[in-house]
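See structure below.
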Amino acid sequence: MIERQLYSPDHIAFADAFERFMDKEIAPFHEAWEEQGYVDRDVWRKAGENGFLCMTMPDEYGGSGADRLYSVAQMEALARRGFSGIGFGLHSEIVAPYILHYGTEAQKQKYLPLLATGEMVGAIAMSEPAAGSDLQGVKTTAIRQADGSYLLNGSKTFITNGWHADLVVVVAKTDPAAGAKGTSLLLVERGMPGFEKGKRLKKVGMKAQDTSELFFDNVSVPADNLLGGEAYEGKGFICLMEQLPWERLQIAIGAVASAQAAIDWTVQYVKDRKVFGQPVASYQNTRYTLAEMQTEVQVARVFVDKCSELVLKDQLDTATASMAKYWCSDLQCKVIDECVQLHGGYGYMWEYPIARAWADARVQRIYGGTNEIMKEVISRQMGLGGR
């Protein structure tokens, strides 16, 4: 196997510390959280106390000023253990960066330290009942009022961290007639009159992830809560496009780590499990299947590690990130399905991690932009046009 050179000793030490945190604060409770449909709020506070939230935010805003490889290490650790209920990645590496990159100084000072401590849980509300991958098609509106505030109306669905969310970056049309150029991002806080959370959605997998609907009924959002201030009104779509490559790479990072974990579990299982008096591993089909999968996951890891290096240099382009997202999530589903097959009937039992990983993996090909949309993005970069 190719020895990874992505991480420094400091990154590895951080990963070891986070493993100990998971052993103590997540592993004993995750099964119960799957039953209740959300993780306990206390795990956010404990993660903040231990410096495991918003690590890449600057020191002056409550972070550690760390590079993004610390977050990559955390994402991989969670994916390897199958702790799909933990929404730290979206909170720390999607919501917080929007505020850091586009927020006013007042917005950064107000929200980032609270996100870093876990006192606030962050979410981003893009998807709607009739608009998922097509972000230009959002119907939620935020119309400026005479006093400068925005009147927010609409609904969002499939919102990760939605149930716990104290702060939501909401994608809305401030000028519905202007299409993408009329899109803005608003910071909506828990408790604003008219902002309500719907039911927690019961999903096929990721059962501990508090995914929910959000409703906005004449919510008066102060002008100060327009992300970036007045200069950013109508520029929300540009902000979304700039951040999507990193978001999509995060999906690929988790996909490769999850696929490798599935192989590792399966290698151990087929060594221990006997069929017709022989270990399942002794059969050529088993060995060749696992060899093929390990080869493909190794290829994927090298590609994703290279993409991670590009992120550190701010050189990851949209098409390459789309390649990573679609190919790695497709591979994740393929690998885990093969591993379920090698587990036989036990692979379909919820008590086995491979079964939970199989259910969790399927959405990877859908969120962050469906894999069909990823191919559309890639083909357009190739100059192939399209509608």
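Just so we're on the same page: first chain in the structure tokens is A, next is B, and so on; residues restart at 1 for each chain, and ligands are numbered from 1 in the order they show up.
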TODO: Determine, counting only C-alpha atoms, which protein, DNA and RNA residues have an atom within 9 Å of an atom of Glu119 in chain A; residues of the same chain fewer than 3 positions away are not included. Present the result as a ChimeraX atom specification.
DONE: /A:44-45,48,113-116,166
Please save N, CA and C atoms of the selected residues as an mmCIF file, in the first residue's frame.
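Printed below is result.cif as written:
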```cif
data_model
loop_
_atom_site.group_PDB
_atom_site.id
_atom_site.type_symbol
_atom_site.label_atom_id
_atom_site.label_comp_id
_atom_site.auth_asym_id
_atom_site.auth_seq_id
_atom_site.Cartn_x
_atom_site.Cartn_y
_atom_site.Cartn_z
ATOM 1 N N TRP A 44 -22.082 18.527 21.791
ATOM 2 C CA TRP A 44 -21.574 19.737 21.137
ATOM 3 C C TRP A 44 -20.768 20.575 22.128
ATOM 4 N N ARG A 45 -21.314 20.746 23.309
ATOM 5 C CA ARG A 45 -20.608 21.538 24.326
ATOM 6 C C ARG A 45 -19.274 20.888 24.688
ATOM 7 N N GLY A 48 -16.736 21.394 22.000
ATOM 8 C CA GLY A 48 -16.210 22.758 22.066
ATOM 9 C C GLY A 48 -15.204 22.928 23.178
ATOM 10 N N PRO A 113 -17.194 32.778 17.808
ATOM 11 C CA PRO A 113 -16.801 32.231 19.113
ATOM 12 C C PRO A 113 -17.861 31.301 19.707
ATOM 13 N N LEU A 114 -19.136 31.592 19.469
ATOM 14 C CA LEU A 114 -20.204 30.740 19.996
ATOM 15 C C LEU A 114 -20.281 29.414 19.253
ATOM 16 N N LEU A 115 -19.961 29.427 17.969
ATOM 17 C CA LEU A 115 -19.898 28.174 17.215
ATOM 18 C C LEU A 115 -18.708 27.342 17.680
ATOM 19 N N ALA A 116 -17.604 28.001 18.007
ATOM 20 C CA ALA A 116 -16.392 27.290 18.432
ATOM 21 C C ALA A 116 -16.568 26.602 19.781
ATOM 22 N N ASP A 166 -29.072 26.650 16.222
ATOM 23 C CA ASP A 166 -29.307 27.961 16.825
ATOM 24 C C ASP A 166 -29.082 29.071 15.811
#
```
Task: Members of range 114-170 of chain A assigned strand (DSSP E or B) by DSSP, as a VMD selection string - done: chain A and resid 122 to 125 128 131 141 to 144 150 to 159 167 to 170
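For Glu351 in chain A, the list of residues within 10 Å, based on only C-alpha atoms and with local chain neighbours fewer than 5 positions off taken out, reads A:Glu31, A:Tyr346, A:Arg356.
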Residue selection dump (N, CA and C atoms) as a compact mmCIF listing (two decimals), in the first residue's frame:
```
# COMPACT_ATOMS: atom_id res chain seq x y z
N GLU A 31 -25.64 4.47 19.56
CA GLU A 31 -26.76 3.57 19.27
C GLU A 31 -28.07 4.13 19.84
N TYR A 346 -25.74 -11.97 8.06
CA TYR A 346 -25.37 -11.06 9.14
C TYR A 346 -25.12 -9.64 8.64
N ARG A 356 -25.25 -0.79 9.05
CA ARG A 356 -25.51 0.63 9.28
C ARG A 356 -24.75 1.49 8.26
```
Task: Contacts of Ala96 in chain A within 9 Å, only C-alpha atoms, excl. fewer than 3 positions in-chain, as a PyMOL selection string - done: chain A and resi 54+57+90-93+99-101+108+111-112+115-116+122
Within 12 Å of Asp337 in chain A, counting only C-alpha atoms, which residues qualify if same-chain residues fewer than 3 places away don't, as a short mmCIF file (atom, residue, chain, number, x, y, z; two decimals) with N, CA and C atoms, in the first residue's frame?
```
data_model
loop_
_atom_site.label_atom_id
_atom_site.label_comp_id
_atom_site.auth_asym_id
_atom_site.auth_seq_id
_atom_site.Cartn_x
_atom_site.Cartn_y
_atom_site.Cartn_z
N ALA A 259 -15.45 3.54 3.15
CA ALA A 259 -15.21 2.36 2.32
C ALA A 259 -14.04 1.54 2.86
N ALA A 262 -15.16 -0.39 5.86
CA ALA A 262 -15.98 -1.54 5.48
C ALA A 262 -15.09 -2.71 5.05
N ILE A 263 -14.04 -2.41 4.30
CA ILE A 263 -13.11 -3.47 3.89
C ILE A 263 -12.43 -4.08 5.11
N THR A 266 -14.70 -6.33 6.95
CA THR A 266 -15.02 -7.52 6.18
C THR A 266 -13.85 -8.49 6.14
N THR A 289 -12.47 -10.43 -4.74
CA THR A 289 -13.39 -9.31 -4.53
C THR A 289 -12.77 -8.27 -3.61
N LEU A 290 -12.20 -8.72 -2.51
CA LEU A 290 -11.58 -7.79 -1.57
C LEU A 290 -10.34 -7.13 -2.16
N MET A 293 -11.57 -4.39 -4.48
CA MET A 293 -12.10 -3.24 -3.74
C MET A 293 -10.98 -2.45 -3.08
N ASP A 330 -19.90 6.99 -5.29
CA ASP A 330 -20.30 5.79 -6.05
C ASP A 330 -19.50 4.58 -5.56
N LEU A 331 -18.19 4.79 -5.40
CA LEU A 331 -17.31 3.70 -4.96
C LEU A 331 -17.69 3.24 -3.55
N GLN A 332 -17.97 4.19 -2.67
CA GLN A 332 -18.37 3.85 -1.31
C GLN A 332 -19.57 2.90 -1.33
N CYS A 333 -20.58 3.24 -2.10
CA CYS A 333 -21.78 2.40 -2.15
C CYS A 333 -21.48 1.03 -2.75
N LYS A 334 -20.65 1.01 -3.78
CA LYS A 334 -20.28 -0.26 -4.41
C LYS A 334 -19.52 -1.16 -3.44
N VAL A 340 -21.37 -6.17 2.39
CA VAL A 340 -22.60 -6.76 2.94
C VAL A 340 -22.77 -8.18 2.39
N GLN A 341 -22.55 -8.35 1.10
CA GLN A 341 -22.71 -9.67 0.47
C GLN A 341 -21.76 -10.69 1.10
N LEU A 342 -20.54 -10.27 1.37
CA LEU A 342 -19.58 -11.20 1.96
C LEU A 342 -19.89 -11.52 3.41
N HIS A 343 -20.66 -10.67 4.06
CA HIS A 343 -21.13 -10.97 5.42
C HIS A 343 -22.31 -11.93 5.43
N GLY A 344 -22.91 -12.15 4.27
CA GLY A 344 -24.08 -13.02 4.22
C GLY A 344 -25.25 -12.41 4.99
N GLY A 347 -24.79 -9.52 7.36
CA GLY A 347 -24.58 -8.20 6.80
C GLY A 347 -25.85 -7.37 6.73
N TYR A 348 -26.99 -8.04 6.88
CA TYR A 348 -28.29 -7.35 6.83
C TYR A 348 -28.83 -7.08 8.22
N ILE A 354 -21.51 -3.01 9.38
CA ILE A 354 -21.57 -2.98 7.92
C ILE A 354 -22.98 -2.67 7.44
N ALA A 355 -24.00 -3.14 8.16
CA ALA A 355 -25.39 -2.86 7.78
C ALA A 355 -25.70 -1.38 7.94
N ARG A 356 -25.25 -0.79 9.05
CA ARG A 356 -25.51 0.63 9.28
C ARG A 356 -24.75 1.49 8.26
N ALA A 357 -23.52 1.06 7.94
CA ALA A 357 -22.73 1.80 6.95
C ALA A 357 -23.40 1.74 5.58
N TRP A 358 -24.00 0.61 5.24
CA TRP A 358 -24.70 0.45 3.97
C TRP A 358 -25.88 1.41 3.87
N ALA A 359 -26.64 1.51 4.96
CA ALA A 359 -27.77 2.43 4.97
C ALA A 359 -27.33 3.89 4.96
N ASP A 360 -26.27 4.18 5.68
CA ASP A 360 -25.77 5.56 5.76
C ASP A 360 -25.21 6.04 4.41
N ALA A 361 -24.62 5.13 3.65
CA ALA A 361 -23.86 5.52 2.46
C ALA A 361 -24.73 6.04 1.33
N ARG A 362 -25.95 5.56 1.23
CA ARG A 362 -26.73 5.82 0.01
C ARG A 362 -26.95 7.31 -0.26
#
```
TODO: Could you give me, as a PyMOL selection string, each residue of range 31-136 of chain A that DSSP assigns to alpha helix (DSSP H) when run on this structure's backbone?
DONE: chain A and resi 31-36+42-49+69-81+88-90+96-102+105-117
Taking C-alpha atoms for each residue, export the selection above as a PDB file, in the first residue's frame.
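Contents of the output file part_17.pdb:
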```
ATOM      1  CA  GLU A  31     -26.760   3.573  19.272  1.00  0.00           C
ATOM      2  CA  ALA A  32     -29.193   5.267  21.660  1.00  0.00           C
ATOM      3  CA  TRP A  33     -28.971   8.456  19.607  1.00  0.00           C
ATOM      4  CA  GLU A  34     -29.965   6.453  16.524  1.00  0.00           C
ATOM      5  CA  GLU A  35     -33.069   5.310  18.380  1.00  0.00           C
ATOM      6  CA  GLN A  36     -34.056   8.831  19.436  1.00  0.00           C
ATOM      7  CA  ASP A  42     -24.267  17.992  25.397  1.00  0.00           C
ATOM      8  CA  VAL A  43     -21.856  16.381  22.933  1.00  0.00           C
ATOM      9  CA  TRP A  44     -21.574  19.737  21.137  1.00  0.00           C
ATOM     10  CA  ARG A  45     -20.608  21.538  24.326  1.00  0.00           C
ATOM     11  CA  LYS A  46     -18.049  18.859  25.227  1.00  0.00           C
ATOM     12  CA  ALA A  47     -16.543  18.988  21.742  1.00  0.00           C
ATOM     13  CA  GLY A  48     -16.210  22.758  22.066  1.00  0.00           C
ATOM     14  CA  GLU A  49     -14.574  22.469  25.472  1.00  0.00           C
ATOM     15  CA  LEU A  69      -6.134  18.844   7.472  1.00  0.00           C
ATOM     16  CA  TYR A  70      -7.155  18.805  11.132  1.00  0.00           C
ATOM     17  CA  SER A  71     -10.761  18.828   9.989  1.00  0.00           C
ATOM     18  CA  VAL A  72      -9.994  16.180   7.375  1.00  0.00           C
ATOM     19  CA  ALA A  73      -8.576  13.954  10.120  1.00  0.00           C
ATOM     20  CA  GLN A  74     -11.711  14.480  12.196  1.00  0.00           C
ATOM     21  CA  MET A  75     -14.019  13.694   9.259  1.00  0.00           C
ATOM     22  CA  GLU A  76     -12.119  10.497   8.523  1.00  0.00           C
ATOM     23  CA  ALA A  77     -12.237   9.418  12.152  1.00  0.00           C
ATOM     24  CA  LEU A  78     -16.008   9.853  12.364  1.00  0.00           C
ATOM     25  CA  ALA A  79     -16.553   8.075   9.050  1.00  0.00           C
ATOM     26  CA  ARG A  80     -14.345   5.121  10.023  1.00  0.00           C
ATOM     27  CA  ARG A  81     -16.319   4.597  13.201  1.00  0.00           C
ATOM     28  CA  PHE A  88     -19.372  18.657  13.354  1.00  0.00           C
ATOM     29  CA  GLY A  89     -18.098  18.863   9.772  1.00  0.00           C
ATOM     30  CA  LEU A  90     -21.007  20.908   8.455  1.00  0.00           C
ATOM     31  CA  ALA A  96     -18.372  28.832  10.064  1.00  0.00           C
ATOM     32  CA  PRO A  97     -16.366  29.427   6.846  1.00  0.00           C
ATOM     33  CA  TYR A  98     -19.323  31.228   5.264  1.00  0.00           C
ATOM     34  CA  ILE A  99     -19.277  33.667   8.162  1.00  0.00           C
ATOM     35  CA  LEU A 100     -15.477  33.956   8.147  1.00  0.00           C
ATOM     36  CA  HIS A 101     -15.178  34.538   4.402  1.00  0.00           C
ATOM     37  CA  TYR A 102     -18.188  36.744   3.783  1.00  0.00           C
ATOM     38  CA  GLU A 105     -16.571  41.996  11.352  1.00  0.00           C
ATOM     39  CA  ALA A 106     -19.522  42.317  13.722  1.00  0.00           C
ATOM     40  CA  GLN A 107     -20.992  39.030  12.445  1.00  0.00           C
ATOM     41  CA  LYS A 108     -17.679  37.232  12.889  1.00  0.00           C
ATOM     42  CA  GLN A 109     -17.275  38.483  16.438  1.00  0.00           C
ATOM     43  CA  LYS A 110     -20.852  37.671  17.358  1.00  0.00           C
ATOM     44  CA  TYR A 111     -21.207  34.163  15.969  1.00  0.00           C
ATOM     45  CA  LEU A 112     -17.855  32.441  15.430  1.00  0.00           C
ATOM     46  CA  PRO A 113     -16.801  32.231  19.113  1.00  0.00           C
ATOM     47  CA  LEU A 114     -20.204  30.740  19.996  1.00  0.00           C
ATOM     48  CA  LEU A 115     -19.898  28.174  17.215  1.00  0.00           C
ATOM     49  CA  ALA A 116     -16.392  27.290  18.432  1.00  0.00           C
ATOM     50  CA  THR A 117     -17.585  26.570  21.979  1.00  0.00           C
TER      51      THR A 117
END
```
Task: Within 9 Å of Ala319 in chain A using only C-alpha atoms, minus same-chain residues under 5 positions, as a PyMOL selection string - done: chain A and resi 245+324+374-375+377-382
